[in-house]
file final_8.tsv (TSV, C-alpha atoms and all ligand atoms)
chain	number	residue	atom	x	y	z
S	1322	MET	CA	-0.95	18.30	13.51
S	1323	LYS	CA	-2.18	21.57	12.11
S	1324	ASP	CA	-4.81	21.37	9.39
S	1325	ASN	CA	-4.47	23.57	6.34
S	1326	PRO	CA	-7.87	23.74	4.66
S	1327	GLN	CA	-6.48	25.66	1.69
S	1328	SER	CA	-4.20	22.83	0.72
S	1329	ARG	CA	-6.94	20.22	0.87
S	1330	PHE	CA	-7.98	20.33	-2.74
S	1331	SER	CA	-4.91	21.66	-4.50
S	1332	PHE	CA	-2.24	19.18	-5.48
S	1333	ARG	CA	1.41	19.87	-6.03
S	1334	VAL	CA	2.67	17.30	-8.48
S	1335	THR	CA	6.21	16.06	-8.98
S	1336	SER	CA	7.02	15.37	-12.60
S	1337	ASP	CA	8.98	12.36	-13.87
S	1338	ASN	CA	12.04	14.32	-14.86
S	1339	ALA	CA	12.42	15.76	-11.34
S	1340	ARG	CA	14.00	12.39	-10.54
S	1341	THR	CA	17.15	13.24	-12.47
S	1342	ARG	CA	17.63	16.75	-11.03
S	1343	ARG	CA	17.77	16.06	-7.32
S	1344	PRO	CA	20.97	15.69	-5.31
S	1345	PRO	CA	21.48	12.38	-3.51
S	1346	LEU	CA	20.72	12.10	0.21
S	1347	GLN	CA	23.49	11.27	2.65
S	1348	GLY	CA	23.68	8.04	4.65
S	1349	GLU	CA	21.68	4.84	4.57
S	1350	ILE	CA	17.90	4.86	4.25
S	1351	GLY	CA	16.11	2.70	6.83
S	1352	PHE	CA	13.34	0.44	5.49
S	1353	ILE	CA	10.77	-1.54	7.49
S	1354	GLY	CA	8.20	-3.89	5.90
S	1355	LEU	CA	9.86	-5.88	3.12
S	1356	GLY	CA	6.83	-7.69	1.74
S	1357	HIS	CA	5.20	-7.65	-1.71
S	1358	MET	CA	5.44	-3.86	-1.97
S	1359	GLY	CA	8.33	-2.95	0.32
S	1360	ALA	CA	10.90	-5.33	-1.17
S	1361	ALA	CA	10.32	-3.94	-4.68
S	1362	MET	CA	10.47	-0.35	-3.44
S	1363	ALA	CA	13.63	-0.86	-1.37
S	1364	ALA	CA	15.30	-2.60	-4.33
S	1365	ASN	CA	14.55	0.47	-6.49
S	1366	LEU	CA	16.27	2.70	-3.95
S	1367	VAL	CA	19.35	0.50	-4.21
S	1368	VAL	CA	19.28	0.63	-8.02
S	1369	SER	CA	19.14	4.44	-7.74
S	1370	GLY	CA	22.31	4.46	-5.66
S	1371	TYR	CA	21.00	4.61	-2.09
S	1372	GLY	CA	22.31	2.38	0.67
S	1373	VAL	CA	19.34	0.72	2.36
S	1374	ILE	CA	19.35	-0.90	5.80
S	1375	ALA	CA	16.28	-3.15	5.97
S	1376	HIS	CA	14.65	-4.35	9.17
S	1377	VAL	CA	13.24	-7.90	9.07
S	1378	ARG	CA	11.84	-9.95	11.88
S	1379	ARG	CA	13.16	-13.33	10.81
S	1380	LEU	CA	16.71	-14.40	10.02
S	1381	GLU	CA	15.61	-16.54	7.07
S	1382	GLN	CA	14.64	-13.37	5.18
S	1383	MET	CA	18.23	-12.08	5.20
S	1384	GLY	CA	19.45	-13.98	2.11
S	1385	ARG	CA	16.58	-12.82	-0.09
S	1386	LEU	CA	17.17	-9.19	0.88
S	1387	LYS	CA	20.95	-9.37	0.51
S	1388	ALA	CA	20.37	-10.64	-3.03
S	1389	LEU	CA	18.45	-7.42	-3.72
S	1390	GLY	CA	21.47	-5.38	-2.58
S	1391	LEU	CA	19.93	-4.41	0.77
S	1392	ASN	CA	21.71	-4.50	4.12
S	1393	PRO	CA	19.31	-6.55	6.29
S	1394	THR	CA	19.16	-6.59	10.08
S	1395	THR	CA	16.83	-8.08	12.66
S	1396	GLU	CA	17.56	-5.20	15.09
S	1397	LEU	CA	15.26	-2.20	14.74
S	1398	ALA	CA	17.85	-0.18	16.69
S	1399	ASP	CA	20.27	-0.54	13.76
S	1400	LEU	CA	18.04	1.95	11.89
S	1401	PHE	CA	18.07	4.58	14.63
S	1402	ALA	CA	20.97	6.56	13.12
S	1403	CYS	CA	19.17	6.96	9.77
S	1404	GLU	CA	18.06	10.40	8.66
S	1405	PHE	CA	15.13	8.82	6.81
S	1406	VAL	CA	13.18	5.66	7.62
S	1407	ILE	CA	10.54	4.36	5.23
S	1408	SER	CA	7.87	1.96	6.45
S	1409	MET	CA	5.61	-0.21	4.25
S	1410	LEU	CA	3.78	-2.30	6.85
S	1411	PRO	CA	0.48	-4.16	6.73
S	1412	ASP	CA	-1.69	-2.27	9.20
S	1413	ASP	CA	-2.21	0.12	12.12
S	1414	GLY	CA	-0.91	-2.38	14.68
S	1415	ALA	CA	2.41	-2.91	12.91
S	1416	VAL	CA	2.97	0.83	12.39
S	1417	ARG	CA	2.15	1.61	16.04
S	1418	GLU	CA	4.50	-1.18	17.13
S	1419	ILE	CA	7.51	0.10	15.20
S	1420	VAL	CA	6.91	3.76	16.15
S	1421	LEU	CA	5.83	3.39	19.78
S	1422	GLY	CA	7.86	0.26	20.65
S	1423	ASP	CA	6.92	-2.10	23.47
S	1424	GLU	CA	8.28	-3.40	26.81
S	1425	GLU	CA	11.09	-5.22	25.00
S	1426	ARG	CA	12.42	-2.58	22.66
S	1427	ASP	CA	12.28	1.12	21.83
S	1428	GLY	CA	10.37	2.22	18.77
S	1429	LEU	CA	11.39	4.77	16.13
S	1430	ALA	CA	10.03	7.73	18.12
S	1431	ILE	CA	12.39	7.09	21.03
S	1432	GLY	CA	15.23	5.78	18.87
S	1433	LEU	CA	15.54	8.19	15.92
S	1434	THR	CA	17.43	11.43	16.42
S	1435	PRO	CA	15.60	14.76	16.41
S	1436	GLY	CA	15.41	16.03	12.83
S	1437	ALA	CA	15.03	12.54	11.34
S	1438	THR	CA	11.97	11.82	9.20
S	1439	HIS	CA	9.65	8.81	9.08
S	1440	LEU	CA	8.16	8.37	5.60
S	1441	SER	CA	5.14	6.19	6.30
S	1442	MET	CA	3.79	4.58	3.12
S	1443	SER	CA	1.46	1.92	4.57
S	1444	THR	CA	-2.31	2.10	4.17
S	1445	ILE	CA	-3.49	2.85	7.71
S	1446	SER	CA	-6.34	4.63	9.49
S	1447	THR	CA	-6.42	8.39	9.96
S	1448	ALA	CA	-6.40	7.86	13.75
S	1449	ALA	CA	-3.20	5.79	13.66
S	1450	ALA	CA	-1.55	8.32	11.32
S	1451	SER	CA	-2.38	11.20	13.67
S	1452	GLU	CA	-1.22	9.24	16.71
S	1453	VAL	CA	2.20	8.29	15.34
S	1454	ALA	CA	2.68	11.75	13.75
S	1455	ALA	CA	2.09	13.33	17.17
S	1456	GLU	CA	4.53	10.94	18.82
S	1457	HIS	CA	7.26	11.80	16.30
S	1458	ALA	CA	6.54	15.52	16.78
S	1459	VAL	CA	7.07	15.17	20.54
S	1460	HIS	CA	10.56	13.84	19.78
S	1461	GLY	CA	11.37	16.55	17.21
S	1462	GLN	CA	11.07	14.22	14.21
S	1463	GLY	CA	9.18	14.64	10.96
S	1464	TYR	CA	6.36	12.36	9.85
S	1465	VAL	CA	5.18	12.24	6.26
S	1466	ALA	CA	2.25	10.02	5.27
S	1467	ALA	CA	2.68	8.80	1.70
S	1468	PRO	CA	0.38	5.85	0.93
S	1469	VAL	CA	0.43	4.61	-2.65
S	1470	PHE	CA	-1.83	3.50	-5.48
S	1471	GLY	CA	-0.43	0.62	-7.52
S	1472	ASN	CA	0.31	-3.07	-7.03
S	1473	PRO	CA	3.69	-4.82	-6.58
S	1474	ASP	CA	4.27	-4.84	-10.37
S	1475	ALA	CA	3.76	-1.07	-10.38
S	1476	ALA	CA	6.09	-0.75	-7.37
S	1477	LYS	CA	8.78	-2.68	-9.22
S	1478	ALA	CA	8.35	-0.54	-12.35
S	1479	ARG	CA	8.35	2.72	-10.28
S	1480	GLN	CA	4.84	3.36	-11.55
S	1481	LEU	CA	3.25	4.05	-8.16
S	1482	PHE	CA	1.07	7.09	-7.60
S	1483	ILE	CA	1.93	8.56	-4.21
S	1484	ILE	CA	-0.44	10.62	-2.04
S	1485	ALA	CA	1.74	12.65	0.34
S	1486	ALA	CA	0.88	14.83	3.33
S	1487	GLY	CA	2.89	16.36	6.13
S	1488	ALA	CA	4.65	19.58	7.09
S	1489	PRO	CA	5.77	21.11	3.77
S	1490	ALA	CA	9.45	21.16	4.79
S	1491	ASP	CA	9.31	17.45	5.70
S	1492	VAL	CA	7.60	16.55	2.43
S	1493	GLU	CA	10.25	18.48	0.49
S	1494	ARG	CA	13.02	16.62	2.29
S	1495	CYS	CA	11.43	13.34	1.21
S	1496	ARG	CA	11.10	14.39	-2.45
S	1497	PRO	CA	14.21	12.63	-3.73
S	1498	LEU	CA	12.94	9.35	-2.26
S	1499	LEU	CA	9.38	9.84	-3.51
S	1500	ASP	CA	10.73	10.59	-6.98
S	1501	VAL	CA	12.61	7.29	-7.02
S	1502	LEU	CA	9.68	5.23	-5.73
S	1503	GLY	CA	6.79	6.47	-7.86
S	1504	GLN	CA	5.88	8.00	-11.20
S	1505	ARG	CA	3.98	10.92	-9.63
S	1506	THR	CA	3.46	12.40	-6.18
S	1507	PHE	CA	0.35	14.37	-5.19
S	1508	VAL	CA	0.96	16.54	-2.12
S	1509	VAL	CA	-2.54	16.88	-0.68
S	1510	ALA	CA	-2.30	18.46	2.77
S	1511	ASP	CA	-0.19	19.42	5.77
S	1512	ASN	CA	-2.09	16.97	7.95
S	1513	PRO	CA	-0.72	13.44	7.34
S	1514	ALA	CA	-4.08	11.83	8.13
S	1515	HIS	CA	-5.63	13.39	5.02
S	1516	ALA	CA	-3.36	11.34	2.75
S	1517	ASN	CA	-4.57	8.18	4.47
S	1518	LEU	CA	-8.22	9.18	4.07
S	1519	ILE	CA	-7.71	9.83	0.35
S	1520	LYS	CA	-5.93	6.50	-0.06
S	1521	LEU	CA	-8.74	4.59	1.70
S	1522	ALA	CA	-11.43	6.41	-0.29
S	1523	GLY	CA	-9.62	5.63	-3.56
S	1524	ASN	CA	-9.27	1.98	-2.63
S	1525	MET	CA	-13.01	1.76	-2.07
S	1526	LEU	CA	-13.58	2.93	-5.65
S	1527	THR	CA	-11.34	0.08	-6.81
S	1528	ALA	CA	-12.96	-2.43	-4.44
S	1529	THR	CA	-16.49	-1.65	-5.64
S	1530	THR	CA	-15.29	-1.65	-9.25
S	1531	LEU	CA	-13.85	-5.12	-8.70
S	1532	GLU	CA	-17.13	-6.32	-7.22
S	1533	ALA	CA	-19.14	-4.92	-10.15
S	1534	LEU	CA	-16.74	-6.50	-12.66
S	1535	ALA	CA	-16.93	-9.82	-10.79
S	1536	GLU	CA	-20.73	-9.90	-10.78
S	1537	ILE	CA	-21.15	-8.92	-14.43
S	1538	VAL	CA	-18.47	-11.34	-15.68
S	1539	ALA	CA	-20.29	-14.14	-13.77
S	1540	LEU	CA	-23.53	-13.21	-15.55
S	1541	ILE	CA	-21.91	-13.15	-19.01
S	1542	ARG	CA	-20.20	-16.48	-18.36
S	1543	LYS	CA	-23.29	-18.21	-17.00
S	1544	ARG	CA	-25.25	-17.17	-20.09
S	1545	GLY	CA	-22.64	-19.03	-22.14
S	1546	LEU	CA	-20.79	-16.04	-23.59
S	1547	ASP	CA	-17.04	-15.46	-23.59
S	1548	PRO	CA	-16.39	-12.58	-21.15
S	1549	LYS	CA	-13.16	-11.54	-22.91
S	1550	PRO	CA	-14.78	-9.75	-25.88
S	1551	PHE	CA	-17.32	-8.24	-23.47
S	1552	ILE	CA	-14.57	-6.70	-21.31
S	1553	ASP	CA	-12.67	-5.61	-24.45
S	1554	ILE	CA	-15.77	-3.73	-25.67
S	1555	MET	CA	-16.33	-2.11	-22.27
S	1556	THR	CA	-12.72	-1.02	-21.79
S	1557	ASP	CA	-12.54	0.30	-25.36
S	1558	THR	CA	-15.72	2.35	-24.92
S	1559	MET	CA	-17.30	3.43	-21.64
S	1560	PHE	CA	-14.79	2.07	-19.09
S	1561	GLY	CA	-11.31	2.83	-20.41
S	1562	GLY	CA	-9.67	3.54	-17.03
S	1563	ARG	CA	-6.85	1.62	-15.39
S	1564	ALA	CA	-9.00	-0.21	-12.81
S	1565	HIS	CA	-11.38	-1.69	-15.37
S	1566	ARG	CA	-8.53	-2.62	-17.74
S	1567	ILE	CA	-6.19	-4.17	-15.16
S	1568	TYR	CA	-8.80	-5.98	-13.06
S	1569	GLY	CA	-11.14	-6.81	-15.95
S	1570	GLU	CA	-8.27	-8.71	-17.54
S	1571	LYS	CA	-7.42	-10.52	-14.29
S	1572	ILE	CA	-11.03	-11.60	-13.63
S	1573	VAL	CA	-11.60	-12.74	-17.21
S	1574	GLY	CA	-8.27	-14.62	-17.15
S	1575	GLU	CA	-9.09	-16.02	-13.67
S	1576	ARG	CA	-5.63	-14.99	-12.46
S	1577	TYR	CA	-5.77	-14.39	-8.75
S	1578	ALA	CA	-2.17	-14.57	-7.48
S	1579	PRO	CA	-1.33	-11.64	-5.14
S	1580	GLY	CA	-0.81	-8.74	-5.72
S	1581	PHE	CA	-2.82	-7.38	-2.93
S	1582	ALA	CA	-3.87	-10.26	-0.70
S	1583	LEU	CA	-7.54	-10.52	0.31
S	1584	PRO	CA	-6.95	-10.09	4.08
S	1585	LEU	CA	-5.04	-6.83	3.48
S	1586	ALA	CA	-7.77	-5.61	1.13
S	1587	LEU	CA	-10.40	-6.50	3.75
S	1588	LYS	CA	-8.37	-4.48	6.26
S	1589	ASP	CA	-8.75	-1.42	3.98
S	1590	VAL	CA	-12.49	-2.05	3.55
S	1591	ARG	CA	-12.93	-2.20	7.33
S	1592	LEU	CA	-10.87	0.98	7.81
S	1593	ALA	CA	-12.92	2.82	5.18
S	1594	LEU	CA	-16.21	1.69	6.77
S	1595	ALA	CA	-14.96	2.89	10.15
S	1596	GLU	CA	-13.93	6.28	8.72
S	1597	ALA	CA	-17.38	6.59	7.13
S	1598	GLU	CA	-19.18	5.55	10.29
S	1599	LYS	CA	-17.34	8.25	12.26
S	1600	THR	CA	-18.99	10.89	10.07
S	1601	ALA	CA	-22.34	9.06	9.67
S	1602	VAL	CA	-21.85	8.36	5.97
S	1603	PRO	CA	-23.35	5.05	4.84
S	1604	LEU	CA	-21.29	3.07	2.30
S	1605	PRO	CA	-23.67	0.24	1.38
S	1606	SER	CA	-21.72	-0.92	-1.67
S	1607	VAL	CA	-18.54	-1.17	0.42
S	1608	SER	CA	-20.44	-3.27	2.99
S	1609	VAL	CA	-21.26	-5.75	0.20
S	1610	VAL	CA	-17.56	-6.00	-0.67
S	1611	ARG	CA	-16.73	-6.61	3.01
S	1612	ASP	CA	-19.15	-9.56	3.11
S	1613	ARG	CA	-17.86	-10.99	-0.18
S	1614	MET	CA	-14.24	-10.78	1.00
S	1615	THR	CA	-15.13	-12.33	4.35
S	1616	ALA	CA	-16.84	-15.21	2.50
S	1617	GLY	CA	-13.77	-15.64	0.28
S	1618	ILE	CA	-11.44	-15.85	3.26
S	1619	ALA	CA	-13.82	-18.35	4.92
S	1620	HIS	CA	-13.54	-20.44	1.73
S	1621	GLY	CA	-9.75	-20.55	2.13
S	1622	TYR	CA	-8.78	-17.80	-0.35
S	1623	ALA	CA	-6.68	-15.74	2.08
S	1624	ASP	CA	-3.60	-16.21	-0.12
S	1625	LEU	CA	-5.32	-14.83	-3.22
S	1626	ASP	CA	-5.42	-11.33	-4.68
S	1627	TRP	CA	-8.46	-9.09	-4.14
S	1628	SER	CA	-9.31	-9.71	-7.81
S	1629	ALA	CA	-10.46	-13.11	-6.44
S	1630	LEU	CA	-13.76	-11.29	-5.90
S	1631	GLY	CA	-14.23	-12.65	-9.44
S	1632	LEU	CA	-13.83	-16.20	-8.17
S	1633	ILE	CA	-16.17	-15.59	-5.24
S	1634	ALA	CA	-18.90	-14.08	-7.45
S	1635	ALA	CA	-18.54	-16.96	-9.93
S	1636	GLU	CA	-18.92	-19.55	-7.18
S	1637	GLN	CA	-21.96	-17.78	-5.74
S	1638	ALA	CA	-23.46	-17.89	-9.22
S	1639	GLY	CA	-22.96	-21.66	-9.27
S	1640	LEU	CA	-20.14	-21.59	-11.80
S	1641	SER	CA	-17.22	-23.93	-11.38
S	1642	ALA	CA	-13.99	-22.00	-11.12
S	1643	ASN	CA	-10.93	-22.54	-13.24
S	1644	ALA	CA	-8.51	-20.32	-11.38
S	1645	SER	CA	-4.83	-20.60	-12.16
S	1646	ILE	CA	-3.87	-19.95	-8.57
S	1647	VAL	CA	-0.19	-19.29	-8.09
S	1648	VAL	CA	1.03	-18.25	-4.69
S	1649	ASP	CA	3.97	-15.90	-5.02
S	1650	PRO	CA	7.03	-17.65	-3.55
S	1651	ALA	CA	8.85	-14.32	-3.12
S	1652	SER	CA	6.26	-13.12	-0.64
S	1653	ALA	CA	7.87	-12.09	2.67
S	1654	LYS	CA	5.75	-13.33	5.50
V	1701	LIG	P1	2.90	-7.76	2.84
V	1701	LIG	O1	2.09	-8.51	3.84
V	1701	LIG	O2	3.33	-8.47	1.61
V	1701	LIG	O3	4.20	-7.15	3.53
V	1701	LIG	C1	4.23	-6.62	4.83
V	1701	LIG	C2	5.63	-6.86	5.40
V	1701	LIG	O4	5.71	-6.26	6.70
V	1701	LIG	C3	5.99	-8.34	5.58
V	1701	LIG	O5	7.31	-8.54	5.12
V	1701	LIG	C4	5.90	-8.56	7.09
V	1701	LIG	O6	6.80	-9.54	7.56
V	1701	LIG	C5	6.33	-7.18	7.59
V	1701	LIG	N1	5.84	-6.90	8.95
V	1701	LIG	C6	4.59	-7.10	9.45
V	1701	LIG	N2	4.53	-6.67	10.72
V	1701	LIG	C7	5.75	-6.18	11.03
V	1701	LIG	C8	6.31	-5.60	12.19
V	1701	LIG	N3	5.59	-5.42	13.29
V	1701	LIG	N4	7.61	-5.20	12.16
V	1701	LIG	C9	8.36	-5.36	11.04
V	1701	LIG	N5	7.90	-5.92	9.91
V	1701	LIG	C10	6.60	-6.32	9.90
V	1701	LIG	O7	2.04	-6.45	2.47
V	1701	LIG	P2	2.14	-5.57	1.15
V	1701	LIG	O8	1.21	-6.12	0.11
V	1701	LIG	O9	3.57	-5.30	0.82
V	1701	LIG	O10	1.44	-4.22	1.68
V	1701	LIG	C11	2.13	-3.34	2.56
V	1701	LIG	C12	1.27	-2.08	2.74
V	1701	LIG	O11	1.05	-1.47	1.46
V	1701	LIG	C13	-0.12	-2.35	3.33
V	1701	LIG	O12	-0.48	-1.29	4.17
V	1701	LIG	C14	-1.01	-2.40	2.09
V	1701	LIG	O13	-2.34	-2.09	2.40
V	1701	LIG	C15	-0.35	-1.35	1.22
V	1701	LIG	N6	-0.55	-1.52	-0.23
V	1701	LIG	C16	-0.43	-2.75	-0.80
V	1701	LIG	C17	-0.63	-2.88	-2.19
V	1701	LIG	C18	-0.53	-4.22	-2.87
V	1701	LIG	O14	-0.97	-4.31	-4.06
V	1701	LIG	N7	0.03	-5.25	-2.25
V	1701	LIG	C19	-0.90	-1.74	-2.97
V	1701	LIG	C20	-0.97	-0.49	-2.34
V	1701	LIG	C21	-0.78	-0.38	-0.97
call {"tool": "encode", "arguments": {"input": "final_8.tsv", "output": "structure tokens", "more": "lines below"}}
Ligand code: NAD
result
Amino acid sequence: MKDNPQSRFSFRVTSDNARTRRPPLQGEIGFIGLGHMGAAMAANLVVSGYGVIAHVRRLEQMGRLKALGLNPTTELADLFACEFVISMLPDDGAVREIVLGDEERDGLAIGLTPGATHLSMSTISTAAASEVAAEHAVHGQGYVAAPVFGNPDAAKARQLFIIAAGAPADVERCRPLLDVLGQRTFVVADNPAHANLIKLAGNMLTATTLEALAEIVALIRKRGLDPKPFIDIMTDTMFGGRAHRIYGEKIVGERYAPGFALPLALKDVRLALAEAEKTAVPLPSVSVVRDRMTAGIAHGYADLDWSALGLIAAEQAGLSANASIVVDPASAK
């Protein structure tokens, strides 16, 4: 993929009202990865008038997806005629599997027709993004990386922030879909991998913010104060951003239902550390978060949100937890 240094730091932004001006795309949109994020995003496409053919691995998921208005199939090959396929998968391995295929079945690169576009919205490494982009290019297909900021509630409410990168013509072709899925799209580069680097870097700001919130709330609590007014003061004064407001409230309320499950968050932490190591950049605060998350998973919190860093910090401070832990029954596993 060709790098365009000039586009690295200039963003082209799609406004909200662009959503209403764009003509509809023809044919069904393929969708792969119908979990916490993907199911909400695919359902929004349906509400906006798109037909969506959704690939699931297990038959028992079909009913849930039909109820959302999707056309589910267990055959990846049923998506091969689509002009656009969106993927929202957990990690590098899953994205490689659906693009490259295996001994048993062809992947998207072999199966899609030349001219089709894969809109890849998962949080993955820069290496995996470059590898699958190159594979699609060999087969004459477009590849746009478009990872997102925002949790499943934001996905449902079309409030995602999308970081997009790819050949400009491919990105433009995906615009109508991006406009339906998010509130704002930042086009950051021609090289898809750059979108993934920006996404990982941004997630590390949130991860370290969560850790700092978790530690300080444990201190306030252990000294016998109510952390709610403390967080209210902080978010009304020095820390008024979304991360402190959203996650401060979750940690104070001890609400740790996913959301963004700890193992997936740990995956992002590991990817970010690997990206940093490649360029000899130490990220000591991110290493602390990795150890905290690993401890949380060892304690059996793999089904909790990454805001459960609050629970982990409280336990390490000797506080007894009072978490209202609710595992989301709609989660597609
Ligand atoms: P999830 O685990 O809830 O969903 C992943 C889905 O992919 C599941 O339905 C699973 O069955 C399916 N899947 C896994 N491997 C597959 C394969 N090989 N072939 C087909 N389907 C497969 O995950 P999620 O929370 O929806 O996150 C999806 C992606 O979005 C991840 O990359 C994550 O890092 C990113 N993300 C998540 C959040 C969040 O708050 N949950 C926010 C931003 C970005």
call {"tool": "residues_near_ligand", "arguments": {"input": "final_8.tsv", "ligand": "ligand LIG 1701 (chain V)", "cutoff": "8 Å", "atoms": "only C-alpha atoms and all ligand atoms", "output": "MDAnalysis selection string"}}
result
chainID S and resid 1353:1360 1376:1378 1409:1412 1414:1416 1418:1419 1442:1445 1468:1473 1579:1582 1585:1586 1588:1589 1652:1654
call {"tool": "write_last_selection", "arguments": {"input": "final_8.tsv", "atoms": "C-alpha atoms", "output": "PDB file, in the frame of the given file"}}
result
ATOM      1  CA  ILE S1353      10.770  -1.540   7.490  1.00  0.00           C
ATOM      2  CA  GLY S1354       8.200  -3.890   5.900  1.00  0.00           C
ATOM      3  CA  LEU S1355       9.860  -5.880   3.120  1.00  0.00           C
ATOM      4  CA  GLY S1356       6.830  -7.690   1.740  1.00  0.00           C
ATOM      5  CA  HIS S1357       5.200  -7.650  -1.710  1.00  0.00           C
ATOM      6  CA  MET S1358       5.440  -3.860  -1.970  1.00  0.00           C
ATOM      7  CA  GLY S1359       8.330  -2.950   0.320  1.00  0.00           C
ATOM      8  CA  ALA S1360      10.900  -5.330  -1.170  1.00  0.00           C
ATOM      9  CA  HIS S1376      14.650  -4.350   9.170  1.00  0.00           C
ATOM     10  CA  VAL S1377      13.240  -7.900   9.070  1.00  0.00           C
ATOM     11  CA  ARG S1378      11.840  -9.950  11.880  1.00  0.00           C
ATOM     12  CA  MET S1409       5.610  -0.210   4.250  1.00  0.00           C
ATOM     13  CA  LEU S1410       3.780  -2.300   6.850  1.00  0.00           C
ATOM     14  CA  PRO S1411       0.480  -4.160   6.730  1.00  0.00           C
ATOM     15  CA  ASP S1412      -1.690  -2.270   9.200  1.00  0.00           C
ATOM     16  CA  GLY S1414      -0.910  -2.380  14.680  1.00  0.00           C
ATOM     17  CA  ALA S1415       2.410  -2.910  12.910  1.00  0.00           C
ATOM     18  CA  VAL S1416       2.970   0.830  12.390  1.00  0.00           C
ATOM     19  CA  GLU S1418       4.500  -1.180  17.130  1.00  0.00           C
ATOM     20  CA  ILE S1419       7.510   0.100  15.200  1.00  0.00           C
ATOM     21  CA  MET S1442       3.790   4.580   3.120  1.00  0.00           C
ATOM     22  CA  SER S1443       1.460   1.920   4.570  1.00  0.00           C
ATOM     23  CA  THR S1444      -2.310   2.100   4.170  1.00  0.00           C
ATOM     24  CA  ILE S1445      -3.490   2.850   7.710  1.00  0.00           C
ATOM     25  CA  PRO S1468       0.380   5.850   0.930  1.00  0.00           C
ATOM     26  CA  VAL S1469       0.430   4.610  -2.650  1.00  0.00           C
ATOM     27  CA  PHE S1470      -1.830   3.500  -5.480  1.00  0.00           C
ATOM     28  CA  GLY S1471      -0.430   0.620  -7.520  1.00  0.00           C
ATOM     29  CA  ASN S1472       0.310  -3.070  -7.030  1.00  0.00           C
ATOM     30  CA  PRO S1473       3.690  -4.820  -6.580  1.00  0.00           C
ATOM     31  CA  PRO S1579      -1.330 -11.640  -5.140  1.00  0.00           C
ATOM     32  CA  GLY S1580      -0.810  -8.740  -5.720  1.00  0.00           C
ATOM     33  CA  PHE S1581      -2.820  -7.380  -2.930  1.00  0.00           C
ATOM     34  CA  ALA S1582      -3.870 -10.260  -0.700  1.00  0.00           C
ATOM     35  CA  LEU S1585      -5.040  -6.830   3.480  1.00  0.00           C
ATOM     36  CA  ALA S1586      -7.770  -5.610   1.130  1.00  0.00           C
ATOM     37  CA  LYS S1588      -8.370  -4.480   6.260  1.00  0.00           C
ATOM     38  CA  ASP S1589      -8.750  -1.420   3.980  1.00  0.00           C
ATOM     39  CA  SER S1652       6.260 -13.120  -0.640  1.00  0.00           C
ATOM     40  CA  ALA S1653       7.870 -12.090   2.670  1.00  0.00           C
ATOM     41  CA  LYS S1654       5.750 -13.330   5.500  1.00  0.00           C
TER      42      LYS S1654
END
call {"tool": "residues_around", "arguments": {"input": "final_8.tsv", "residues": "Lys1599 (chain S)", "least_positions_apart": "5", "cutoff": "12 Å", "atoms": "all atoms listed in the file", "output": "number ranges by chain"}}
result
S: 1446-1448, 1592-1594, 1604
call {"tool": "closest_residue", "arguments": {"input": "final_8.tsv", "among": "S:Ala1488, S:Val1508, S:Ala1623, S:Leu1640", "to": "Tyr1464 (chain S)", "atoms": "all atoms listed in the file"}}
result
S:Ala1488
call {"tool": "closest_residue", "arguments": {"input": "final_8.tsv", "among": "S:Thr1529, S:Thr1434, S:Thr1600, S:Gln1480", "to": "Ala1361 (chain S)", "atoms": "only C-alpha atoms"}}
result
S:Gln1480
call {"tool": "axis_aligned_box", "arguments": {"input": "final_8.tsv", "around": "region 1607-1622 of chain S", "padding_each_side": "8 Å", "output": "lines of an AutoDock Vina configuration file"}}
result
center_x = -15.0
center_y = -10.9
center_z = 2.1
size_x = 28.5
size_y = 35.4
size_z = 21.6
call {"tool": "atom_distance", "arguments": {"input": "final_8.tsv", "atom1": "CA of Thr1527 (chain S)", "atom2": "CA of Gly1621 (chain S)"}}
result
22.5 Å
call {"tool": "atom_distance", "arguments": {"input": "final_8.tsv", "atom1": "CA of Met1614 (chain S)", "atom2": "CA of Asn1524 (chain S)"}}
result
14.2 Å
call {"tool": "closest_residue", "arguments": {"input": "final_8.tsv", "among": "S:Ala1485, S:Val1373, S:Glu1456, S:Phe1401", "to": "Leu1389 (chain S)", "atoms": "all atoms listed in the file"}}
result
S:Val1373
call {"tool": "closest_residue", "arguments": {"input": "final_8.tsv", "among": "S:Glu1598, S:Asp1626, S:Glu1532, S:Asp1474", "to": "Ala1578 (chain S)", "atoms": "only C-alpha atoms"}}
result
S:Asp1626
call {"tool": "atom_distance", "arguments": {"input": "final_8.tsv", "atom1": "CA of Leu1587 (chain S)", "atom2": "CA of Leu1526 (chain S)"}}
result
13.7 Å
call {"tool": "residues_around", "arguments": {"input": "final_8.tsv", "residues": "Lys1571 (chain S)", "least_positions_apart": "3", "cutoff": "12 Å", "atoms": "all atoms listed in the file", "output": "PyMOL selection string"}}
result
chain S and resi 1531+1534-1535+1538+1548-1549+1552+1564-1568+1574-1580+1626-1632+1644-1646
call {"tool": "closest_residue", "arguments": {"input": "final_8.tsv", "among": "S:Arg1542, S:Arg1417, S:Arg1563, S:Arg1379", "to": "Ala1455 (chain S)", "atoms": "all atoms listed in the file"}}
result
S:Arg1417
call {"tool": "closest_residue", "arguments": {"input": "final_8.tsv", "among": "S:Ala1458, S:Leu1397, S:Ala1476, S:Ala1516", "to": "Arg1426 (chain S)", "atoms": "all atoms listed in the file"}}
result
S:Leu1397
call {"tool": "residues_around", "arguments": {"input": "final_8.tsv", "residues": "Leu1391 (chain S)", "least_positions_apart": "2", "cutoff": "10 Å", "atoms": "all atoms listed in the file", "output": "VMD selection string"}}
result
chain S and resid 1352 1360 1363 to 1364 1366 to 1367 1371 to 1376 1383 to 1389 1393 to 1394
call {"tool": "residues_around", "arguments": {"input": "final_8.tsv", "residues": "region 1427-1433 of chain S", "least_positions_apart": "3", "cutoff": "9 Å", "atoms": "all atoms listed in the file", "output": "ChimeraX atom specification"}}
result
/S:1397-1398,1400-1404,1406,1417-1424,1436-1439,1453,1456-1462
